[in-house]
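To be precise, the following lines are start19.pdb, and they hold PDB, C-alpha atoms.
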MODEL        1
ATOM      1  CA  MET B  66       9.828  27.097   1.667  1.00  0.00           C
ATOM      2  CA  LEU B  67      11.488  23.675   1.937  1.00  0.00           C
ATOM      3  CA  ILE B  68      12.430  22.537   5.402  1.00  0.00           C
ATOM      4  CA  LEU B  69      14.301  19.310   5.973  1.00  0.00           C
ATOM      5  CA  SER B  70      13.740  17.466   9.203  1.00  0.00           C
ATOM      6  CA  ASP B  71      16.336  15.830  11.424  1.00  0.00           C
ATOM      7  CA  HIS B  72      15.963  12.682   9.351  1.00  0.00           C
ATOM      8  CA  PRO B  73      17.813  12.500   6.031  1.00  0.00           C
ATOM      9  CA  ASN B  74      15.552  12.677   2.985  1.00  0.00           C
ATOM     10  CA  MET B  75      12.622  13.919   5.055  1.00  0.00           C
ATOM     11  CA  TRP B  76      10.586  17.071   4.515  1.00  0.00           C
ATOM     12  CA  THR B  77       8.974  19.009   7.365  1.00  0.00           C
ATOM     13  CA  CYS B  78       5.819  21.009   6.754  1.00  0.00           C
ATOM     14  CA  PRO B  79       6.545  24.663   7.551  1.00  0.00           C
ATOM     15  CA  LEU B  80       3.004  25.165   8.903  1.00  0.00           C
ATOM     16  CA  CYS B  81       2.584  22.246  11.305  1.00  0.00           C
ATOM     17  CA  ASN B  82       6.184  20.970  11.661  1.00  0.00           C
ATOM     18  CA  GLN B  83       5.226  17.363  10.875  1.00  0.00           C
ATOM     19  CA  PRO B  84       7.975  15.393   9.097  1.00  0.00           C
ATOM     20  CA  PHE B  85       7.102  13.456   5.938  1.00  0.00           C
ATOM     21  CA  LYS B  86       8.858  11.170   3.503  1.00  0.00           C
ATOM     22  CA  ASN B  87       7.729  13.183   0.477  1.00  0.00           C
ATOM     23  CA  THR B  88       8.222  16.892  -0.166  1.00  0.00           C
ATOM     24  CA  ASN B  89       4.940  18.815  -0.013  1.00  0.00           C
ATOM     25  CA  GLN B  90       3.100  15.645   1.037  1.00  0.00           C
ATOM     26  CA  ILE B  91      -0.650  16.153   1.305  1.00  0.00           C
ATOM     27  CA  HIS B  92      -1.728  16.097   4.945  1.00  0.00           C
ATOM     28  CA  TYR B  93      -3.871  17.823   7.542  1.00  0.00           C
ATOM     29  CA  CYS B  94      -2.258  20.811   9.287  1.00  0.00           C
ATOM     30  CA  GLY B  95      -4.902  21.015  11.993  1.00  0.00           C
ATOM     31  CA  ASN B  96      -4.503  21.710  15.640  1.00  0.00           C
ATOM     32  CA  ASN B  97      -5.948  18.439  16.969  1.00  0.00           C
ATOM     33  CA  THR B  98      -4.087  16.916  19.876  1.00  0.00           C
ATOM     34  CA  ILE B  99      -3.885  13.386  21.227  1.00  0.00           C
ATOM     35  CA  GLY B 100      -5.835  14.677  24.224  1.00  0.00           C
ATOM     36  CA  ASP B 101      -8.666  15.753  21.901  1.00  0.00           C
ATOM     37  CA  PHE B 102      -9.069  12.129  20.808  1.00  0.00           C
ATOM     38  CA  LEU B 103      -8.978  10.811  24.392  1.00  0.00           C
ATOM     39  CA  ASN B 104     -11.264  13.477  25.851  1.00  0.00           C
ATOM     40  CA  GLY B 105     -14.527  11.968  27.078  1.00  0.00           C
ATOM     41  CA  LYS B 106     -13.445   8.364  26.442  1.00  0.00           C
ATOM     42  CA  SER B 107     -13.990   5.645  29.012  1.00  0.00           C
ATOM     43  CA  ASP B 108     -11.251   4.611  31.433  1.00  0.00           C
ATOM     44  CA  THR B 109     -11.154   1.263  29.606  1.00  0.00           C
ATOM     45  CA  THR B 110     -10.462   2.926  26.263  1.00  0.00           C
ATOM     46  CA  VAL B 111      -7.852   5.309  27.672  1.00  0.00           C
ATOM     47  CA  ASP B 112      -6.109   2.419  29.464  1.00  0.00           C
ATOM     48  CA  LEU B 113      -6.070   0.365  26.242  1.00  0.00           C
ATOM     49  CA  PHE B 114      -4.613   3.311  24.346  1.00  0.00           C
ATOM     50  CA  HIS B 115      -1.838   3.880  26.901  1.00  0.00           C
ATOM     51  CA  HIS B 116      -1.037   0.157  27.100  1.00  0.00           C
ATOM     52  CA  PHE B 117      -0.783  -0.127  23.301  1.00  0.00           C
ATOM     53  CA  ILE B 118       1.484   2.931  23.086  1.00  0.00           C
ATOM     54  CA  LEU B 119       3.631   1.657  25.982  1.00  0.00           C
ATOM     55  CA  LYS B 120       4.099  -1.653  24.155  1.00  0.00           C
ATOM     56  CA  TYR B 121       5.184   0.268  21.043  1.00  0.00           C
ATOM     57  CA  LYS B 122       7.674   2.296  23.067  1.00  0.00           C
ATOM     58  CA  GLU B 123       9.196  -1.014  24.199  1.00  0.00           C
ATOM     59  CA  ILE B 124       9.717  -1.885  20.515  1.00  0.00           C
ATOM     60  CA  GLY B 125      11.366   1.421  19.578  1.00  0.00           C
ATOM     61  CA  ASP B 126      11.209   5.193  19.499  1.00  0.00           C
ATOM     62  CA  ILE B 127       7.863   6.459  18.267  1.00  0.00           C
ATOM     63  CA  LYS B 128       5.986   9.707  17.993  1.00  0.00           C
ATOM     64  CA  LEU B 129       2.255  10.255  17.823  1.00  0.00           C
ATOM     65  CA  GLN B 130       0.657  12.648  15.355  1.00  0.00           C
ATOM     66  CA  ALA B 131      -2.943  13.730  15.731  1.00  0.00           C
ATOM     67  CA  THR B 132      -4.542  14.104  12.315  1.00  0.00           C
ATOM     68  CA  LYS B 133      -8.029  15.250  11.398  1.00  0.00           C
ATOM     69  CA  SER B 134      -9.617  11.857  12.008  1.00  0.00           C
ATOM     70  CA  MET B 135      -7.037   9.519  13.565  1.00  0.00           C
ATOM     71  CA  ILE B 136      -3.771   9.181  15.472  1.00  0.00           C
ATOM     72  CA  ALA B 137      -0.745   8.237  13.386  1.00  0.00           C
ATOM     73  CA  ILE B 138       2.115   6.295  14.943  1.00  0.00           C
ATOM     74  CA  VAL B 139       5.451   7.393  13.538  1.00  0.00           C
ATOM     75  CA  ALA B 140       9.047   6.152  13.589  1.00  0.00           C
ATOM     76  CA  ASP B 141      10.824   7.838  10.677  1.00  0.00           C
ATOM     77  CA  LYS B 142       7.513   7.781   8.819  1.00  0.00           C
ATOM     78  CA  ARG B 143       3.927   6.830   9.629  1.00  0.00           C
ATOM     79  CA  PHE B 144       3.470   3.081   9.975  1.00  0.00           C
ATOM     80  CA  ALA B 145       0.263   2.496  11.954  1.00  0.00           C
ATOM     81  CA  TYR B 146      -2.935   4.344  12.704  1.00  0.00           C
ATOM     82  CA  ILE B 147      -5.373   4.384  15.600  1.00  0.00           C
ATOM     83  CA  ILE B 148      -8.556   4.958  13.672  1.00  0.00           C
ATOM     84  CA  LYS B 149     -11.194   4.698  16.382  1.00  0.00           C
ATOM     85  CA  LEU B 150     -11.398   5.045  20.125  1.00  0.00           C
ATOM     86  CA  GLY B 151     -14.687   3.357  20.977  1.00  0.00           C
ATOM     87  CA  LYS B 152     -16.580   2.978  24.234  1.00  0.00           C
ATOM     88  CA  ASP B 153     -14.555  -0.068  25.308  1.00  0.00           C
ATOM     89  CA  PHE B 154     -12.114  -0.724  22.454  1.00  0.00           C
ATOM     90  CA  ILE B 155      -9.563   0.816  20.104  1.00  0.00           C
ATOM     91  CA  ASP B 156      -9.255   0.114  16.386  1.00  0.00           C
ATOM     92  CA  ILE B 157      -5.813   0.088  14.791  1.00  0.00           C
ATOM     93  CA  VAL B 158      -4.726  -0.246  11.165  1.00  0.00           C
ATOM     94  CA  PHE B 159      -1.369  -1.588  10.001  1.00  0.00           C
ATOM     95  CA  PRO B 160      -0.679  -1.058   6.289  1.00  0.00           C
ATOM     96  CA  PHE B 161       1.459  -3.840   4.791  1.00  0.00           C
ATOM     97  CA  LYS B 162       2.501  -4.547   1.195  1.00  0.00           C
ATOM     98  CA  GLU B 163       1.058  -8.049   1.387  1.00  0.00           C
ATOM     99  CA  PRO B 164      -1.981  -9.560   3.066  1.00  0.00           C
ATOM    100  CA  PHE B 165      -1.154 -11.648   6.131  1.00  0.00           C
ATOM    101  CA  GLU B 166      -4.187 -13.928   5.988  1.00  0.00           C
ATOM    102  CA  ASP B 167      -2.819 -16.611   8.332  1.00  0.00           C
ATOM    103  CA  ASN B 168      -3.486 -14.943  11.689  1.00  0.00           C
ATOM    104  CA  PHE B 169      -5.929 -14.818  14.559  1.00  0.00           C
ATOM    105  CA  CYS B 170      -5.729 -11.112  15.332  1.00  0.00           C
ATOM    106  CA  PHE B 171      -6.962  -9.144  12.302  1.00  0.00           C
ATOM    107  CA  ARG B 172     -10.695  -8.801  11.913  1.00  0.00           C
ATOM    108  CA  LYS B 173     -10.395  -7.458   8.367  1.00  0.00           C
ATOM    109  CA  ILE B 174      -7.719  -7.216   5.677  1.00  0.00           C
ATOM    110  CA  ALA B 175      -8.472  -4.984   2.697  1.00  0.00           C
ATOM    111  CA  LEU B 176      -6.567  -3.754  -0.351  1.00  0.00           C
ATOM    112  CA  VAL B 177      -6.340   0.030  -0.318  1.00  0.00           C
ATOM    113  CA  PRO B 178      -7.863   1.227  -3.615  1.00  0.00           C
ATOM    114  CA  GLY B 179      -5.249   2.545  -6.038  1.00  0.00           C
ATOM    115  CA  SER B 180      -2.287   1.178  -4.079  1.00  0.00           C
ATOM    116  CA  ASN B 181      -0.301  -1.945  -3.260  1.00  0.00           C
ATOM    117  CA  ASP B 182      -1.085  -1.653   0.447  1.00  0.00           C
ATOM    118  CA  PHE B 183      -3.285  -3.994   2.438  1.00  0.00           C
ATOM    119  CA  ASN B 184      -4.807  -2.473   5.551  1.00  0.00           C
ATOM    120  CA  HIS B 185      -4.867  -4.939   8.436  1.00  0.00           C
ATOM    121  CA  HIS B 186      -7.555  -3.993  10.971  1.00  0.00           C
ATOM    122  CA  LEU B 187      -7.040  -4.874  14.617  1.00  0.00           C
ATOM    123  CA  ARG B 188      -9.538  -4.261  17.430  1.00  0.00           C
ATOM    124  CA  LEU B 189      -8.347  -4.351  21.045  1.00  0.00           C
ATOM    125  CA  TYR B 190     -10.824  -4.903  23.893  1.00  0.00           C
ATOM    126  CA  PHE B 191      -8.413  -5.998  26.618  1.00  0.00           C
ATOM    127  CA  ILE B 192      -4.767  -5.258  27.385  1.00  0.00           C
ATOM    128  CA  GLU B 193      -4.185  -9.015  27.017  1.00  0.00           C
ATOM    129  CA  ASP B 194      -5.163  -8.640  23.346  1.00  0.00           C
ATOM    130  CA  VAL B 195      -1.653  -7.265  22.781  1.00  0.00           C
ATOM    131  CA  ASN B 196      -0.346 -10.832  22.759  1.00  0.00           C
ATOM    132  CA  GLU B 197       2.687 -12.454  21.103  1.00  0.00           C
ATOM    133  CA  GLU B 198       0.996 -12.619  17.691  1.00  0.00           C
ATOM    134  CA  VAL B 199       0.003  -8.948  17.796  1.00  0.00           C
ATOM    135  CA  LEU B 200       3.518  -7.992  18.949  1.00  0.00           C
ATOM    136  CA  VAL B 201       4.988  -9.727  15.875  1.00  0.00           C
ATOM    137  CA  PHE B 202       2.837  -7.564  13.597  1.00  0.00           C
ATOM    138  CA  MET B 203       3.538  -4.442  15.663  1.00  0.00           C
ATOM    139  CA  LYS B 204       7.277  -5.038  15.202  1.00  0.00           C
ATOM    140  CA  LYS B 205       6.829  -5.689  11.483  1.00  0.00           C
ATOM    141  CA  ALA B 206       4.873  -2.427  11.098  1.00  0.00           C
ATOM    142  CA  TYR B 207       7.499  -0.553  13.120  1.00  0.00           C
ATOM    143  CA  LEU B 208      10.262  -1.765  10.790  1.00  0.00           C
ATOM    144  CA  ASN B 209       8.189  -0.469   7.855  1.00  0.00           C
ATOM    145  CA  GLY B 210       8.241   2.919   9.553  1.00  0.00           C
ATOM    146  CA  LYS B 211      12.013   3.061   9.751  1.00  0.00           C
ATOM    147  CA  ASN B 212      14.165   4.521   6.976  1.00  0.00           C
ATOM    148  CA  VAL B 213      16.497   1.588   6.615  1.00  0.00           C
TER     149      VAL B 213
ENDMDL
END
Would you mind writing the file out in structure tokens?
Amino acid sequence: MLILSDHPNMWTCPLCNQPFKNTNQIHYCGNNTIGDFLNGKSDTTVDLFHHFILKYKEIGDIKLQATKSMIAIVADKRFAYIIKLGKDFIDIVFPFKEPFEDNFCFRKIALVPGSNDFNHHLRLYFIEDVNEEVLVFMKKAYLNGKNV
């Protein structure tokens, strides 16, 4: 059964109601929640998570999707991923079509095998780590998540 979401040219999975750019897109239809990822994490980590999400909400409308192993950040489509909630940090990945080597914020940039995407890995330890440089890349990733 094909279900179209509120967004034009988007498909919504009939099992988990997640919207996707591609019809029948492969994904995880689990029942993880954002709370499952935050459960048992330190106050520092939870505060970092909420600060990062708040900063994204200042950029534009977003949704969060809990997957099997990470939290996806979504505008019209997924554009960033929180891949690890550590003891005192959070790890985030921004996929871009080109490597942005000239920066001070990414600890690793890697070509995704079999694609044209370069994953840019960011680790936040302090709320101040979401600085002007990071905000530029957050905005760039957000625009990639919009169907323009």
>> Evaluated on this file, the PyMOL selection byres ((chain B and resi 160) around 8) picks out some residues - which ones are they, written as a count of residues only?
In response: 11
> Nearest to His115 of chain B: which of B:Ile147, B:Asn89, B:Val201, B:Asn96 is it, counting all atoms listed in the file?
Replying inline: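 Checking each candidate against His115 of chain B, we get B:Ile147 as the closest.
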> Between atom CA of Val139 of chain B and atom CA of Leu208 of chain B, what is the distance, to one decimal in Å?
Replying inline: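 For atom CA of Val139 of chain B relative to atom CA of Leu208 of chain B, the distance reads 10.7 Å.
Of the residues listed (B:Lys204, B:Lys106, B:Lys122, B:His186), B:Lys106 shows the shortest atom-to-atom separation from Leu150 of chain B; distances use only C-alpha atoms.
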Please provide the set of residues having any atom within 9 Å of Thr110 of chain B, restricted to all atoms listed in the file, with same-chain residues fewer than 4 positions apart removed, written as a PDB file with C-alpha atoms, in the frame of the given file.
ATOM      1  CA  LEU B 103      -8.978  10.811  24.392  1.00  0.00           C
ATOM      2  CA  LYS B 106     -13.445   8.364  26.442  1.00  0.00           C
ATOM      3  CA  PHE B 114      -4.613   3.311  24.346  1.00  0.00           C
ATOM      4  CA  HIS B 115      -1.838   3.880  26.901  1.00  0.00           C
ATOM      5  CA  LEU B 150     -11.398   5.045  20.125  1.00  0.00           C
ATOM      6  CA  GLY B 151     -14.687   3.357  20.977  1.00  0.00           C
ATOM      7  CA  LYS B 152     -16.580   2.978  24.234  1.00  0.00           C
ATOM      8  CA  ASP B 153     -14.555  -0.068  25.308  1.00  0.00           C
ATOM      9  CA  PHE B 154     -12.114  -0.724  22.454  1.00  0.00           C
ATOM     10  CA  ILE B 155      -9.563   0.816  20.104  1.00  0.00           C
ATOM     11  CA  TYR B 190     -10.824  -4.903  23.893  1.00  0.00           C
TER      12      TYR B 190
END
Edge lengths and centre in Å to one decimal, as JSON, of the axis-aligned box that encloses all listed atoms of segment 124-132 of chain B with 5 Å added on every side?
{"center_x": 3.4, "center_y": 6.1, "center_z": 16.4, "size_x": 25.9, "size_y": 26.0, "size_z": 18.2}
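Using all atoms listed in the file, the smallest distance between any of B:Gly105, B:Tyr146, B:Cys170, B:Asn212 and Asn196 of chain B comes from B:Cys170.
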Please fill the gaps in segment 125-144 of chain B so it has N, CA and C atoms, and write that as a PDB file, in the coordinates of the input.
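The resulting rebuild04.pdb:
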ATOM      1  N   GLY B 125      10.446   0.401  20.089  1.00  0.00           N
ATOM      2  CA  GLY B 125      11.366   1.421  19.578  1.00  0.00           C
ATOM      3  C   GLY B 125      10.814   2.813  19.791  1.00  0.00           C
ATOM      4  N   ASP B 126      11.610   3.795  19.372  1.00  0.00           N
ATOM      5  CA  ASP B 126      11.209   5.193  19.499  1.00  0.00           C
ATOM      6  C   ASP B 126      10.061   5.487  18.549  1.00  0.00           C
ATOM      7  N   ILE B 127       9.010   6.070  19.083  1.00  0.00           N
ATOM      8  CA  ILE B 127       7.863   6.459  18.267  1.00  0.00           C
ATOM      9  C   ILE B 127       7.422   7.857  18.649  1.00  0.00           C
ATOM     10  N   LYS B 128       6.666   8.445  17.742  1.00  0.00           N
ATOM     11  CA  LYS B 128       5.986   9.707  17.993  1.00  0.00           C
ATOM     12  C   LYS B 128       4.530   9.488  17.614  1.00  0.00           C
ATOM     13  N   LEU B 129       3.671  10.285  18.178  1.00  0.00           N
ATOM     14  CA  LEU B 129       2.255  10.255  17.823  1.00  0.00           C
ATOM     15  C   LEU B 129       1.905  11.559  17.133  1.00  0.00           C
ATOM     16  N   GLN B 130       1.127  11.463  16.069  1.00  0.00           N
ATOM     17  CA  GLN B 130       0.657  12.648  15.355  1.00  0.00           C
ATOM     18  C   GLN B 130      -0.861  12.597  15.289  1.00  0.00           C
ATOM     19  N   ALA B 131      -1.490  13.616  15.832  1.00  0.00           N
ATOM     20  CA  ALA B 131      -2.943  13.730  15.731  1.00  0.00           C
ATOM     21  C   ALA B 131      -3.267  14.310  14.365  1.00  0.00           C
ATOM     22  N   THR B 132      -4.105  13.607  13.613  1.00  0.00           N
ATOM     23  CA  THR B 132      -4.542  14.104  12.315  1.00  0.00           C
ATOM     24  C   THR B 132      -5.992  14.565  12.459  1.00  0.00           C
ATOM     25  N   LYS B 133      -6.639  14.810  11.360  1.00  0.00           N
ATOM     26  CA  LYS B 133      -8.029  15.250  11.398  1.00  0.00           C
ATOM     27  C   LYS B 133      -8.942  14.182  11.978  1.00  0.00           C
ATOM     28  N   SER B 134      -8.674  12.902  11.633  1.00  0.00           N
ATOM     29  CA  SER B 134      -9.617  11.857  12.008  1.00  0.00           C
ATOM     30  C   SER B 134      -9.001  10.653  12.717  1.00  0.00           C
ATOM     31  N   MET B 135      -7.684  10.675  12.940  1.00  0.00           N
ATOM     32  CA  MET B 135      -7.037   9.519  13.565  1.00  0.00           C
ATOM     33  C   MET B 135      -5.717   9.932  14.196  1.00  0.00           C
ATOM     34  N   ILE B 136      -5.090   8.975  14.877  1.00  0.00           N
ATOM     35  CA  ILE B 136      -3.771   9.181  15.472  1.00  0.00           C
ATOM     36  C   ILE B 136      -2.783   8.320  14.701  1.00  0.00           C
ATOM     37  N   ALA B 137      -1.783   8.965  14.109  1.00  0.00           N
ATOM     38  CA  ALA B 137      -0.745   8.237  13.386  1.00  0.00           C
ATOM     39  C   ALA B 137       0.390   7.906  14.346  1.00  0.00           C
ATOM     40  N   ILE B 138       0.942   6.711  14.176  1.00  0.00           N
ATOM     41  CA  ILE B 138       2.115   6.295  14.943  1.00  0.00           C
ATOM     42  C   ILE B 138       3.297   6.358  13.988  1.00  0.00           C
ATOM     43  N   VAL B 139       4.359   7.032  14.427  1.00  0.00           N
ATOM     44  CA  VAL B 139       5.451   7.393  13.538  1.00  0.00           C
ATOM     45  C   VAL B 139       6.782   6.942  14.108  1.00  0.00           C
ATOM     46  N   ALA B 140       7.624   6.363  13.275  1.00  0.00           N
ATOM     47  CA  ALA B 140       9.047   6.152  13.589  1.00  0.00           C
ATOM     48  C   ALA B 140       9.759   7.220  12.763  1.00  0.00           C
ATOM     49  N   ASP B 141      10.320   6.842  11.621  1.00  0.00           N
ATOM     50  CA  ASP B 141      10.824   7.838  10.677  1.00  0.00           C
ATOM     51  C   ASP B 141       9.702   8.302   9.761  1.00  0.00           C
ATOM     52  N   LYS B 142       8.716   7.447   9.584  1.00  0.00           N
ATOM     53  CA  LYS B 142       7.513   7.781   8.819  1.00  0.00           C
ATOM     54  C   LYS B 142       6.329   7.066   9.471  1.00  0.00           C
ATOM     55  N   ARG B 143       5.138   7.425   9.061  1.00  0.00           N
ATOM     56  CA  ARG B 143       3.927   6.830   9.629  1.00  0.00           C
ATOM     57  C   ARG B 143       3.851   5.355   9.253  1.00  0.00           C
ATOM     58  N   PHE B 144       3.507   4.517  10.243  1.00  0.00           N
ATOM     59  CA  PHE B 144       3.470   3.081   9.975  1.00  0.00           C
ATOM     60  C   PHE B 144       2.245   2.384  10.569  1.00  0.00           C
TER      61      PHE B 144
END
